[in-house]
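S.K.: For reference, this is run.cif, and it has mmCIF, N, CA and C atoms.
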data_upload
loop_
_atom_site.label_atom_id
_atom_site.label_comp_id
_atom_site.auth_asym_id
_atom_site.auth_seq_id
_atom_site.Cartn_x
_atom_site.Cartn_y
_atom_site.Cartn_z
N VAL A 272 30.94 59.48 55.96
CA VAL A 272 31.90 58.47 55.55
C VAL A 272 31.50 57.88 54.20
N ALA A 273 30.21 57.59 54.03
CA ALA A 273 29.74 57.01 52.76
C ALA A 273 29.99 57.98 51.61
N ARG A 274 29.78 59.27 51.86
CA ARG A 274 30.00 60.26 50.82
C ARG A 274 31.48 60.29 50.41
N SER A 275 32.39 60.14 51.36
CA SER A 275 33.82 60.12 51.06
C SER A 275 34.18 58.94 50.18
N PHE A 276 33.65 57.76 50.53
CA PHE A 276 33.89 56.58 49.70
C PHE A 276 33.28 56.75 48.31
N ALA A 277 32.09 57.33 48.27
CA ALA A 277 31.42 57.55 46.98
C ALA A 277 32.25 58.48 46.10
N LEU A 278 32.74 59.56 46.68
CA LEU A 278 33.55 60.50 45.91
C LEU A 278 34.86 59.85 45.45
N ALA A 279 35.43 58.97 46.28
CA ALA A 279 36.65 58.27 45.89
C ALA A 279 36.39 57.33 44.71
N LEU A 280 35.27 56.59 44.75
CA LEU A 280 34.92 55.70 43.64
C LEU A 280 34.67 56.49 42.36
N VAL A 281 33.99 57.62 42.47
CA VAL A 281 33.71 58.46 41.31
C VAL A 281 35.02 59.03 40.75
N ALA A 282 35.90 59.47 41.64
CA ALA A 282 37.19 60.02 41.19
C ALA A 282 38.02 58.96 40.48
N LEU A 283 37.99 57.74 41.00
CA LEU A 283 38.71 56.64 40.35
C LEU A 283 38.16 56.38 38.95
N ALA A 284 36.85 56.35 38.83
CA ALA A 284 36.22 56.10 37.53
C ALA A 284 36.53 57.23 36.55
N LYS A 285 36.49 58.47 37.04
CA LYS A 285 36.80 59.61 36.17
C LYS A 285 38.27 59.59 35.75
N ALA A 286 39.16 59.27 36.69
CA ALA A 286 40.59 59.22 36.38
C ALA A 286 40.90 58.15 35.34
N ALA A 287 40.18 57.05 35.41
CA ALA A 287 40.38 55.97 34.44
C ALA A 287 39.64 56.24 33.13
N GLY A 288 38.81 57.29 33.11
CA GLY A 288 38.06 57.62 31.89
C GLY A 288 36.93 56.66 31.61
N LEU A 289 36.39 56.02 32.65
CA LEU A 289 35.37 55.00 32.45
C LEU A 289 33.94 55.51 32.59
N GLY A 290 33.74 56.69 33.14
CA GLY A 290 32.40 57.26 33.25
C GLY A 290 31.50 56.50 34.20
N ALA A 291 30.21 56.55 33.90
CA ALA A 291 29.20 55.95 34.77
C ALA A 291 29.36 54.43 34.87
N MET A 292 29.72 53.81 33.76
CA MET A 292 29.91 52.35 33.80
C MET A 292 31.06 52.00 34.75
N GLY A 293 32.09 52.81 34.78
CA GLY A 293 33.20 52.59 35.69
C GLY A 293 32.79 52.71 37.15
N VAL A 294 31.90 53.67 37.43
CA VAL A 294 31.38 53.83 38.78
C VAL A 294 30.59 52.58 39.18
N CYS A 295 29.75 52.10 38.28
CA CYS A 295 28.96 50.90 38.56
C CYS A 295 29.85 49.68 38.76
N VAL A 296 30.84 49.53 37.91
CA VAL A 296 31.74 48.39 38.03
C VAL A 296 32.57 48.48 39.31
N SER A 297 33.02 49.67 39.68
CA SER A 297 33.79 49.79 40.92
C SER A 297 32.92 49.49 42.14
N LEU A 298 31.66 49.90 42.11
CA LEU A 298 30.73 49.57 43.19
C LEU A 298 30.48 48.07 43.24
N LEU A 299 30.35 47.46 42.08
CA LEU A 299 30.16 46.02 41.98
C LEU A 299 31.37 45.27 42.55
N LEU A 300 32.57 45.69 42.17
CA LEU A 300 33.78 45.03 42.66
C LEU A 300 33.96 45.21 44.16
N ALA A 301 33.63 46.38 44.67
CA ALA A 301 33.70 46.61 46.11
C ALA A 301 32.73 45.69 46.85
N SER A 302 31.53 45.55 46.31
CA SER A 302 30.54 44.65 46.92
C SER A 302 30.99 43.21 46.85
N PHE A 303 31.53 42.80 45.69
CA PHE A 303 32.04 41.44 45.55
C PHE A 303 33.15 41.15 46.56
N ALA A 304 34.09 42.07 46.68
CA ALA A 304 35.22 41.86 47.60
C ALA A 304 34.74 41.73 49.04
N LEU A 305 33.82 42.60 49.44
CA LEU A 305 33.32 42.53 50.81
C LEU A 305 32.45 41.30 51.04
N SER A 306 31.69 40.88 50.03
CA SER A 306 30.79 39.74 50.23
C SER A 306 31.54 38.43 50.44
N ASN A 307 32.80 38.39 50.08
CA ASN A 307 33.57 37.18 50.29
C ASN A 307 34.12 37.04 51.71
N VAL A 308 34.03 38.11 52.48
CA VAL A 308 34.51 38.03 53.87
C VAL A 308 33.45 38.42 54.89
N LEU A 309 32.34 39.02 54.44
CA LEU A 309 31.25 39.41 55.33
C LEU A 309 29.95 38.77 54.84
N SER A 310 28.95 38.81 55.68
CA SER A 310 27.64 38.30 55.25
C SER A 310 27.03 39.26 54.23
N ASN A 311 26.11 38.74 53.44
CA ASN A 311 25.49 39.58 52.40
C ASN A 311 24.69 40.73 53.00
N THR A 312 24.10 40.53 54.15
CA THR A 312 23.34 41.59 54.81
C THR A 312 24.26 42.72 55.24
N ALA A 313 25.40 42.35 55.80
CA ALA A 313 26.37 43.37 56.24
C ALA A 313 26.91 44.15 55.04
N VAL A 314 27.18 43.45 53.95
CA VAL A 314 27.69 44.12 52.75
C VAL A 314 26.66 45.10 52.22
N ALA A 315 25.42 44.69 52.13
CA ALA A 315 24.36 45.58 51.64
C ALA A 315 24.22 46.80 52.56
N ALA A 316 24.31 46.58 53.86
CA ALA A 316 24.20 47.68 54.81
C ALA A 316 25.38 48.64 54.71
N LEU A 317 26.55 48.14 54.38
CA LEU A 317 27.73 48.99 54.25
C LEU A 317 27.80 49.72 52.91
N VAL A 318 27.42 49.05 51.82
CA VAL A 318 27.61 49.59 50.49
C VAL A 318 26.43 50.44 50.02
N MET A 319 25.24 50.16 50.50
CA MET A 319 24.06 50.92 50.03
C MET A 319 24.16 52.42 50.31
N PRO A 320 24.64 52.86 51.47
CA PRO A 320 24.81 54.31 51.67
C PRO A 320 25.80 54.93 50.68
N ILE A 321 26.79 54.17 50.25
CA ILE A 321 27.73 54.65 49.24
C ILE A 321 27.01 54.80 47.91
N ALA A 322 26.16 53.83 47.58
CA ALA A 322 25.38 53.90 46.34
C ALA A 322 24.43 55.10 46.35
N VAL A 323 23.81 55.37 47.49
CA VAL A 323 22.92 56.52 47.61
C VAL A 323 23.70 57.82 47.42
N ALA A 324 24.90 57.89 48.01
CA ALA A 324 25.73 59.09 47.86
C ALA A 324 26.16 59.28 46.40
N ILE A 325 26.50 58.19 45.72
CA ILE A 325 26.86 58.28 44.30
C ILE A 325 25.67 58.79 43.50
N SER A 326 24.50 58.27 43.80
CA SER A 326 23.29 58.69 43.09
C SER A 326 23.04 60.19 43.28
N HIS A 327 23.19 60.67 44.51
CA HIS A 327 22.96 62.09 44.79
C HIS A 327 24.03 62.99 44.20
N GLU A 328 25.27 62.55 44.28
CA GLU A 328 26.39 63.39 43.82
C GLU A 328 26.50 63.44 42.30
N GLU A 329 26.28 62.29 41.65
CA GLU A 329 26.59 62.20 40.22
C GLU A 329 25.39 61.96 39.32
N GLY A 330 24.22 61.74 39.90
CA GLY A 330 23.02 61.60 39.09
C GLY A 330 22.83 60.22 38.46
N VAL A 331 23.54 59.21 38.94
CA VAL A 331 23.32 57.85 38.45
C VAL A 331 22.04 57.35 39.10
N ASP A 332 21.19 56.68 38.34
CA ASP A 332 19.89 56.20 38.81
C ASP A 332 20.04 55.32 40.06
N LEU A 333 19.33 55.68 41.12
CA LEU A 333 19.43 54.94 42.38
C LEU A 333 18.87 53.53 42.24
N ASN A 334 17.83 53.33 41.43
CA ASN A 334 17.29 51.97 41.24
C ASN A 334 18.36 51.05 40.65
N LEU A 335 19.10 51.56 39.68
CA LEU A 335 20.17 50.78 39.07
C LEU A 335 21.22 50.40 40.11
N LEU A 336 21.65 51.38 40.89
CA LEU A 336 22.69 51.12 41.90
C LEU A 336 22.18 50.20 43.01
N ALA A 337 20.92 50.35 43.39
CA ALA A 337 20.35 49.49 44.44
C ALA A 337 20.29 48.03 43.98
N MET A 338 19.88 47.81 42.74
CA MET A 338 19.85 46.44 42.22
C MET A 338 21.25 45.87 42.10
N LEU A 339 22.19 46.70 41.69
CA LEU A 339 23.57 46.27 41.57
C LEU A 339 24.12 45.83 42.93
N VAL A 340 23.88 46.63 43.96
CA VAL A 340 24.33 46.29 45.31
C VAL A 340 23.62 45.04 45.81
N MET A 341 22.32 44.95 45.55
CA MET A 341 21.56 43.79 46.02
C MET A 341 22.12 42.48 45.44
N PHE A 342 22.34 42.46 44.14
CA PHE A 342 22.86 41.24 43.52
C PHE A 342 24.31 40.99 43.89
N ALA A 343 25.13 42.02 43.83
CA ALA A 343 26.57 41.84 44.08
C ALA A 343 26.85 41.41 45.51
N SER A 344 26.04 41.86 46.45
CA SER A 344 26.28 41.47 47.84
C SER A 344 25.82 40.03 48.12
N SER A 345 25.08 39.44 47.21
CA SER A 345 24.57 38.09 47.42
C SER A 345 25.46 37.00 46.83
N PHE A 346 26.43 37.38 46.01
CA PHE A 346 27.28 36.39 45.36
C PHE A 346 28.64 36.36 46.01
N ALA A 347 28.92 35.29 46.73
CA ALA A 347 30.21 35.10 47.39
C ALA A 347 30.69 33.69 47.08
N PHE A 348 31.47 33.57 46.03
CA PHE A 348 31.92 32.25 45.59
C PHE A 348 33.41 32.02 45.79
N CYS A 349 34.18 33.05 46.11
CA CYS A 349 35.64 32.95 46.12
C CYS A 349 36.22 32.46 47.44
N THR A 350 35.46 32.49 48.51
CA THR A 350 35.96 32.03 49.81
C THR A 350 34.90 31.18 50.50
N PRO A 351 35.33 30.30 51.40
CA PRO A 351 34.34 29.49 52.10
C PRO A 351 33.55 30.25 53.16
N PHE A 352 34.07 31.37 53.67
CA PHE A 352 33.36 32.05 54.73
C PHE A 352 32.49 33.19 54.26
N GLY A 353 32.28 33.35 52.97
CA GLY A 353 31.37 34.37 52.46
C GLY A 353 29.92 33.95 52.56
N ASN A 354 29.70 32.65 52.67
CA ASN A 354 28.34 32.12 52.70
C ASN A 354 28.34 30.86 53.57
N ALA A 355 27.29 30.67 54.35
CA ALA A 355 27.24 29.52 55.26
C ALA A 355 27.28 28.19 54.52
N SER A 356 26.62 28.11 53.37
CA SER A 356 26.63 26.85 52.63
C SER A 356 28.02 26.55 52.06
N ASN A 357 28.78 27.58 51.72
CA ASN A 357 30.16 27.36 51.30
C ASN A 357 30.99 26.79 52.44
N LEU A 358 30.78 27.33 53.61
CA LEU A 358 31.55 26.90 54.77
C LEU A 358 31.23 25.46 55.17
N MET A 359 29.98 25.04 54.97
CA MET A 359 29.60 23.67 55.34
C MET A 359 30.27 22.63 54.46
N THR A 360 30.65 22.98 53.25
CA THR A 360 31.30 22.01 52.36
C THR A 360 32.80 21.91 52.59
N MET A 361 33.34 22.76 53.44
CA MET A 361 34.77 22.70 53.75
C MET A 361 34.93 21.95 55.07
N SER A 362 35.74 20.93 55.06
CA SER A 362 35.90 20.09 56.25
C SER A 362 36.72 20.80 57.31
N PRO A 363 36.29 20.74 58.58
CA PRO A 363 37.06 21.38 59.65
C PRO A 363 38.31 20.59 60.05
N PHE A 364 38.43 19.35 59.61
CA PHE A 364 39.53 18.51 60.04
C PHE A 364 40.55 18.24 58.94
N GLY A 365 40.65 19.14 58.00
CA GLY A 365 41.63 18.98 56.93
C GLY A 365 41.00 18.39 55.69
N PRO A 366 41.82 18.22 54.65
CA PRO A 366 41.28 17.75 53.37
C PRO A 366 40.82 16.29 53.44
N HIS A 367 39.65 16.06 52.94
CA HIS A 367 39.08 14.73 52.78
C HIS A 367 38.59 14.60 51.36
N GLU A 368 38.16 13.44 50.99
CA GLU A 368 37.67 13.24 49.63
C GLU A 368 36.41 14.05 49.34
N ALA A 369 35.57 14.26 50.35
CA ALA A 369 34.30 14.93 50.13
C ALA A 369 34.32 16.40 50.49
N SER A 370 35.48 16.96 50.80
CA SER A 370 35.54 18.37 51.18
C SER A 370 36.35 19.16 50.17
N TYR A 371 36.23 20.47 50.27
CA TYR A 371 36.92 21.38 49.37
C TYR A 371 37.99 22.14 50.13
N SER A 372 39.05 22.51 49.45
CA SER A 372 40.09 23.32 50.07
C SER A 372 39.83 24.79 49.73
N PHE A 373 40.56 25.67 50.40
CA PHE A 373 40.42 27.10 50.13
C PHE A 373 40.76 27.41 48.68
N GLY A 374 41.76 26.75 48.15
CA GLY A 374 42.16 26.94 46.76
C GLY A 374 41.06 26.56 45.77
N ASP A 375 40.26 25.55 46.13
CA ASP A 375 39.15 25.16 45.26
C ASP A 375 38.14 26.30 45.12
N TYR A 376 37.89 26.99 46.21
CA TYR A 376 36.95 28.12 46.15
C TYR A 376 37.50 29.22 45.26
N MET A 377 38.80 29.50 45.38
CA MET A 377 39.40 30.54 44.54
C MET A 377 39.43 30.11 43.07
N ARG A 378 39.78 28.88 42.82
CA ARG A 378 39.92 28.38 41.45
C ARG A 378 38.59 28.35 40.70
N PHE A 379 37.54 27.89 41.36
CA PHE A 379 36.24 27.78 40.71
C PHE A 379 35.34 28.99 40.98
N GLY A 380 35.53 29.62 42.11
CA GLY A 380 34.67 30.73 42.49
C GLY A 380 34.97 32.04 41.77
N THR A 381 36.26 32.30 41.51
CA THR A 381 36.63 33.56 40.87
C THR A 381 36.04 33.69 39.46
N PRO A 382 36.19 32.69 38.58
CA PRO A 382 35.55 32.83 37.26
C PRO A 382 34.03 32.93 37.35
N LEU A 383 33.44 32.20 38.27
CA LEU A 383 31.99 32.26 38.44
C LEU A 383 31.56 33.64 38.91
N GLN A 384 32.31 34.21 39.83
CA GLN A 384 31.97 35.54 40.33
C GLN A 384 32.15 36.60 39.24
N LEU A 385 33.18 36.48 38.42
CA LEU A 385 33.37 37.41 37.30
C LEU A 385 32.25 37.26 36.27
N LEU A 386 31.85 36.03 35.99
CA LEU A 386 30.74 35.79 35.07
C LEU A 386 29.45 36.42 35.60
N MET A 387 29.21 36.26 36.89
CA MET A 387 28.03 36.86 37.50
C MET A 387 28.09 38.38 37.44
N GLY A 388 29.29 38.95 37.60
CA GLY A 388 29.44 40.40 37.52
C GLY A 388 29.06 40.93 36.15
N VAL A 389 29.51 40.25 35.10
CA VAL A 389 29.16 40.66 33.74
C VAL A 389 27.66 40.49 33.52
N THR A 390 27.12 39.36 33.97
CA THR A 390 25.69 39.08 33.80
C THR A 390 24.85 40.12 34.53
N ILE A 391 25.24 40.45 35.76
CA ILE A 391 24.50 41.45 36.54
C ILE A 391 24.53 42.80 35.85
N THR A 392 25.71 43.23 35.43
CA THR A 392 25.84 44.54 34.80
C THR A 392 25.04 44.63 33.52
N VAL A 393 25.15 43.62 32.67
CA VAL A 393 24.40 43.62 31.40
C VAL A 393 22.90 43.54 31.67
N GLY A 394 22.50 42.68 32.58
CA GLY A 394 21.07 42.54 32.89
C GLY A 394 20.46 43.81 33.44
N ILE A 395 21.18 44.48 34.31
CA ILE A 395 20.67 45.72 34.88
C ILE A 395 20.60 46.82 33.82
N CYS A 396 21.61 46.87 32.95
CA CYS A 396 21.59 47.86 31.88
C CYS A 396 20.46 47.60 30.89
N ILE A 397 20.14 46.34 30.64
CA ILE A 397 19.02 46.01 29.75
C ILE A 397 17.70 46.39 30.41
N THR A 398 17.58 46.13 31.71
CA THR A 398 16.34 46.40 32.43
C THR A 398 16.10 47.89 32.62
N TRP A 399 17.13 48.63 33.05
CA TRP A 399 16.96 50.05 33.34
C TRP A 399 17.48 50.97 32.26
N GLY A 400 17.94 50.42 31.18
CA GLY A 400 18.43 51.24 30.08
C GLY A 400 19.93 51.43 30.16
N PRO A 401 20.53 51.87 29.07
CA PRO A 401 21.98 52.05 29.06
C PRO A 401 22.41 53.19 29.97
N ILE A 402 23.64 53.12 30.41
CA ILE A 402 24.21 54.19 31.22
C ILE A 402 24.82 55.17 30.24
N VAL A 403 24.26 56.35 30.18
CA VAL A 403 24.67 57.35 29.20
C VAL A 403 25.40 58.47 29.91
N VAL A 404 26.53 58.89 29.37
CA VAL A 404 27.24 60.02 29.94
C VAL A 404 26.43 61.28 29.67
N ASP A 405 26.14 62.01 30.75
CA ASP A 405 25.27 63.18 30.65
C ASP A 405 25.79 64.23 31.62
N GLY A 406 26.72 65.04 31.21
CA GLY A 406 27.26 66.06 32.11
C GLY A 406 28.31 65.46 33.01
N GLY A 407 27.90 64.99 34.19
CA GLY A 407 28.83 64.45 35.16
C GLY A 407 29.26 63.05 34.78
N VAL A 408 29.09 62.12 35.68
CA VAL A 408 29.46 60.74 35.40
C VAL A 408 28.44 60.15 34.45
N GLY A 409 27.16 60.36 34.67
CA GLY A 409 26.15 59.83 33.75
C GLY A 409 24.87 59.46 34.45
N ASN A 410 23.90 59.17 33.68
CA ASN A 410 22.60 58.76 34.19
C ASN A 410 22.18 57.48 33.52
N ALA A 411 21.47 56.67 34.23
CA ALA A 411 20.83 55.51 33.61
C ALA A 411 19.47 55.99 33.13
N VAL A 412 19.20 55.81 31.88
CA VAL A 412 17.94 56.29 31.34
C VAL A 412 17.11 55.11 30.87
N ALA A 413 15.81 55.23 31.03
CA ALA A 413 14.92 54.16 30.59
C ALA A 413 14.43 54.43 29.20
#
Represent the supplied structure as structure tokens.

M.R.:
Amino acid sequence: VARSFALALVALAKAAGLGAMGVCVSLLLASFALSNVLSNTAVAALVMPIAVAISHEEGVDLNLLAMLVMFASSFAFCTPFGNASNLMTMSPFGPHEASYSFGDYMRFGTPLQLLMGVTITVGICITWGPIVVDGGVGNAVA
């Protein structure tokens, strides 16, 4: 199953002409989307086999993909149920002065999550080297 998802992500990136960076960004977005409705541990457990399959199929550095999954599965700012501390700030009895609404999470969490996505991608590329197209989708080279 993980291999099928990996091949679908790679095919999407190739169809869009984005190469290895597109594969990394699609994996990041998939992790972000899941982390807003599941716990970070569950997201890492679900997405890491996909990252391993991408690494084996397309030659993208597994360390790069593992770090990407690790960080992306830990950031859940768009919904209150992605993280226990987010849920504690939302009042169970309706809107109060000291509580946040679901819309507040979307309004403030989405830009923060996008900023973190850019920061994660740039930071990982600086640490492990640029993602260079090399035959298939590409390799991260140090």

S.K.: For the file shown, what are the residues hit by the PyMOL selection byres (((chain A and resi 318 and name CA) around 12) and name CA), laid out as an MDAnalysis selection string?

M.R.: chainID A and resid 272:274 276:277 280 297:306 309 311:317 319:325 336:344

S.K.: Emit the selected residues as a CSV table (one decimal), keeping the file's coordinate frame, including N, CA and C atoms.

M.R.:
chain,number,residue,atom,x,y,z
A,272,VAL,N,30.9,59.5,56.0
A,272,VAL,CA,31.9,58.5,55.6
A,272,VAL,C,31.5,57.9,54.2
A,273,ALA,N,30.2,57.6,54.0
A,273,ALA,CA,29.7,57.0,52.8
A,273,ALA,C,30.0,58.0,51.6
A,274,ARG,N,29.8,59.3,51.9
A,274,ARG,CA,30.0,60.3,50.8
A,274,ARG,C,31.5,60.3,50.4
A,276,PHE,N,33.6,57.8,50.5
A,276,PHE,CA,33.9,56.6,49.7
A,276,PHE,C,33.3,56.8,48.3
A,277,ALA,N,32.1,57.3,48.3
A,277,ALA,CA,31.4,57.6,47.0
A,277,ALA,C,32.2,58.5,46.1
A,280,LEU,N,35.3,56.6,44.8
A,280,LEU,CA,34.9,55.7,43.6
A,280,LEU,C,34.7,56.5,42.4
A,297,SER,N,33.0,49.7,39.7
A,297,SER,CA,33.8,49.8,40.9
A,297,SER,C,32.9,49.5,42.1
A,298,LEU,N,31.7,49.9,42.1
A,298,LEU,CA,30.7,49.6,43.2
A,298,LEU,C,30.5,48.1,43.2
A,299,LEU,N,30.4,47.5,42.1
A,299,LEU,CA,30.2,46.0,42.0
A,299,LEU,C,31.4,45.3,42.6
A,300,LEU,N,32.6,45.7,42.2
A,300,LEU,CA,33.8,45.0,42.7
A,300,LEU,C,34.0,45.2,44.2
A,301,ALA,N,33.6,46.4,44.7
A,301,ALA,CA,33.7,46.6,46.1
A,301,ALA,C,32.7,45.7,46.8
A,302,SER,N,31.5,45.6,46.3
A,302,SER,CA,30.5,44.6,46.9
A,302,SER,C,31.0,43.2,46.8
A,303,PHE,N,31.5,42.8,45.7
A,303,PHE,CA,32.0,41.4,45.6
A,303,PHE,C,33.2,41.2,46.6
A,304,ALA,N,34.1,42.1,46.7
A,304,ALA,CA,35.2,41.9,47.6
A,304,ALA,C,34.7,41.7,49.0
A,305,LEU,N,33.8,42.6,49.4
A,305,LEU,CA,33.3,42.5,50.8
A,305,LEU,C,32.4,41.3,51.0
A,306,SER,N,31.7,40.9,50.0
A,306,SER,CA,30.8,39.7,50.2
A,306,SER,C,31.5,38.4,50.4
A,309,LEU,N,32.3,39.0,54.4
A,309,LEU,CA,31.2,39.4,55.3
A,309,LEU,C,30.0,38.8,54.8
A,311,ASN,N,26.1,38.7,53.4
A,311,ASN,CA,25.5,39.6,52.4
A,311,ASN,C,24.7,40.7,53.0
A,312,THR,N,24.1,40.5,54.2
A,312,THR,CA,23.3,41.6,54.8
A,312,THR,C,24.3,42.7,55.2
A,313,ALA,N,25.4,42.4,55.8
A,313,ALA,CA,26.4,43.4,56.2
A,313,ALA,C,26.9,44.2,55.0
A,314,VAL,N,27.2,43.4,54.0
A,314,VAL,CA,27.7,44.1,52.8
A,314,VAL,C,26.7,45.1,52.2
A,315,ALA,N,25.4,44.7,52.1
A,315,ALA,CA,24.4,45.6,51.6
A,315,ALA,C,24.2,46.8,52.6
A,316,ALA,N,24.3,46.6,53.9
A,316,ALA,CA,24.2,47.7,54.8
A,316,ALA,C,25.4,48.6,54.7
A,317,LEU,N,26.6,48.1,54.4
A,317,LEU,CA,27.7,49.0,54.2
A,317,LEU,C,27.8,49.7,52.9
A,319,MET,N,25.2,50.2,50.5
A,319,MET,CA,24.1,50.9,50.0
A,319,MET,C,24.2,52.4,50.3
A,320,PRO,N,24.6,52.9,51.5
A,320,PRO,CA,24.8,54.3,51.7
A,320,PRO,C,25.8,54.9,50.7
A,321,ILE,N,26.8,54.2,50.2
A,321,ILE,CA,27.7,54.6,49.2
A,321,ILE,C,27.0,54.8,47.9
A,322,ALA,N,26.2,53.8,47.6
A,322,ALA,CA,25.4,53.9,46.3
A,322,ALA,C,24.4,55.1,46.4
A,323,VAL,N,23.8,55.4,47.5
A,323,VAL,CA,22.9,56.5,47.6
A,323,VAL,C,23.7,57.8,47.4
A,324,ALA,N,24.9,57.9,48.0
A,324,ALA,CA,25.7,59.1,47.9
A,324,ALA,C,26.2,59.3,46.4
A,325,ILE,N,26.5,58.2,45.7
A,325,ILE,CA,26.9,58.3,44.3
A,325,ILE,C,25.7,58.8,43.5
A,336,LEU,N,21.6,51.4,40.9
A,336,LEU,CA,22.7,51.1,41.9
A,336,LEU,C,22.2,50.2,43.0
A,337,ALA,N,20.9,50.4,43.4
A,337,ALA,CA,20.4,49.5,44.4
A,337,ALA,C,20.3,48.0,44.0
A,338,MET,N,19.9,47.8,42.7
A,338,MET,CA,19.8,46.4,42.2
A,338,MET,C,21.2,45.9,42.1
A,339,LEU,N,22.2,46.7,41.7
A,339,LEU,CA,23.6,46.3,41.6
A,339,LEU,C,24.1,45.8,42.9
A,340,VAL,N,23.9,46.6,44.0
A,340,VAL,CA,24.3,46.3,45.3
A,340,VAL,C,23.6,45.0,45.8
A,341,MET,N,22.3,45.0,45.6
A,341,MET,CA,21.6,43.8,46.0
A,341,MET,C,22.1,42.5,45.4
A,342,PHE,N,22.3,42.5,44.1
A,342,PHE,CA,22.9,41.2,43.5
A,342,PHE,C,24.3,41.0,43.9
A,343,ALA,N,25.1,42.0,43.8
A,343,ALA,CA,26.6,41.8,44.1
A,343,ALA,C,26.8,41.4,45.5
A,344,SER,N,26.0,41.9,46.4
A,344,SER,CA,26.3,41.5,47.8
A,344,SER,C,25.8,40.0,48.1

S.K.: Just list the residues in stretch 287-410 of chain A DSSP gives alpha helix (DSSP H) on the backbone, as an NGL selection string.

M.R.: :A and (287 or 290-306 or 311-329 or 333-343 or 355-359 or 373-399)

S.K.: List the residues matched by the PyMOL selection byres ((chain A and resi 353) around 6) in the displayed structure as JSON, numbers by chain, ordered by chain and then by residue number.

M.R.: {"A": [306, 307, 308, 309, 310, 347, 350, 351, 352, 354, 355]}

S.K.: Record the distance separating atom CA of A:Gln384 and atom CA of A:Phe348, expressed in Å with one decimal.

M.R.: 6.2 Å

S.K.: Please compute the atom N of A:Leu283-atom N of A:Glu328 distance, one decimal, in Å.

M.R.: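 It comes out at 14.0 Å.
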
S.K.: Please, what is the axis-aligned box for every listed atom of stretch 294-297 of chain A with 8 Å on each side, as centre and edge lengths in Å to one decimal, as AutoDock Vina command-line options?

M.R.:
--center_x 31.4 --center_y 51.1 --center_z 39.8 --size_x 20.8 --size_y 21.4 --size_z 20.7

S.K.: Where atoms are absent from stretch 273-277 of chain A, fill them in so it carries all heavy atoms, then output it as a PDB file, in the frame of the given file.

M.R.:
ATOM      1  N   ALA A 273      30.210  57.590  54.030  1.00  0.00           N
ATOM      2  CA  ALA A 273      29.740  57.010  52.760  1.00  0.00           C
ATOM      3  C   ALA A 273      29.990  57.980  51.610  1.00  0.00           C
ATOM      4  O   ALA A 273      30.382  57.560  50.521  1.00  0.00           O
ATOM      5  CB  ALA A 273      28.259  56.663  52.859  1.00  0.00           C
ATOM      6  N   ARG A 274      29.780  59.270  51.860  1.00  0.00           N
ATOM      7  CA  ARG A 274      30.000  60.260  50.820  1.00  0.00           C
ATOM      8  C   ARG A 274      31.480  60.290  50.410  1.00  0.00           C
ATOM      9  O   ARG A 274      31.801  60.428  49.230  1.00  0.00           O
ATOM     10  CB  ARG A 274      29.559  61.636  51.306  1.00  0.00           C
ATOM     11  CG  ARG A 274      29.624  62.694  50.240  1.00  0.00           C
ATOM     12  CD  ARG A 274      28.988  64.007  50.733  1.00  0.00           C
ATOM     13  NE  ARG A 274      29.026  64.992  49.682  1.00  0.00           N
ATOM     14  CZ  ARG A 274      30.041  65.834  49.471  1.00  0.00           C
ATOM     15  NH1 ARG A 274      31.099  65.796  50.254  1.00  0.00           N
ATOM     16  NH2 ARG A 274      29.998  66.707  48.484  1.00  0.00           N
ATOM     17  N   SER A 275      32.390  60.140  51.360  1.00  0.00           N
ATOM     18  CA  SER A 275      33.820  60.120  51.060  1.00  0.00           C
ATOM     19  C   SER A 275      34.180  58.940  50.180  1.00  0.00           C
ATOM     20  O   SER A 275      34.938  59.073  49.210  1.00  0.00           O
ATOM     21  CB  SER A 275      34.641  60.074  52.348  1.00  0.00           C
ATOM     22  OG  SER A 275      34.383  61.200  53.139  1.00  0.00           O
ATOM     23  N   PHE A 276      33.650  57.760  50.530  1.00  0.00           N
ATOM     24  CA  PHE A 276      33.890  56.580  49.700  1.00  0.00           C
ATOM     25  C   PHE A 276      33.280  56.750  48.310  1.00  0.00           C
ATOM     26  O   PHE A 276      33.879  56.355  47.307  1.00  0.00           O
ATOM     27  CB  PHE A 276      33.335  55.313  50.361  1.00  0.00           C
ATOM     28  CG  PHE A 276      34.211  54.771  51.441  1.00  0.00           C
ATOM     29  CD1 PHE A 276      33.770  54.756  52.745  1.00  0.00           C
ATOM     30  CD2 PHE A 276      35.470  54.268  51.162  1.00  0.00           C
ATOM     31  CE1 PHE A 276      34.573  54.254  53.758  1.00  0.00           C
ATOM     32  CE2 PHE A 276      36.278  53.758  52.154  1.00  0.00           C
ATOM     33  CZ  PHE A 276      35.830  53.757  53.461  1.00  0.00           C
ATOM     34  N   ALA A 277      32.090  57.330  48.270  1.00  0.00           N
ATOM     35  CA  ALA A 277      31.420  57.550  46.980  1.00  0.00           C
ATOM     36  C   ALA A 277      32.250  58.480  46.100  1.00  0.00           C
ATOM     37  O   ALA A 277      32.457  58.209  44.914  1.00  0.00           O
ATOM     38  CB  ALA A 277      30.030  58.125  47.201  1.00  0.00           C
TER      39      ALA A 277
END
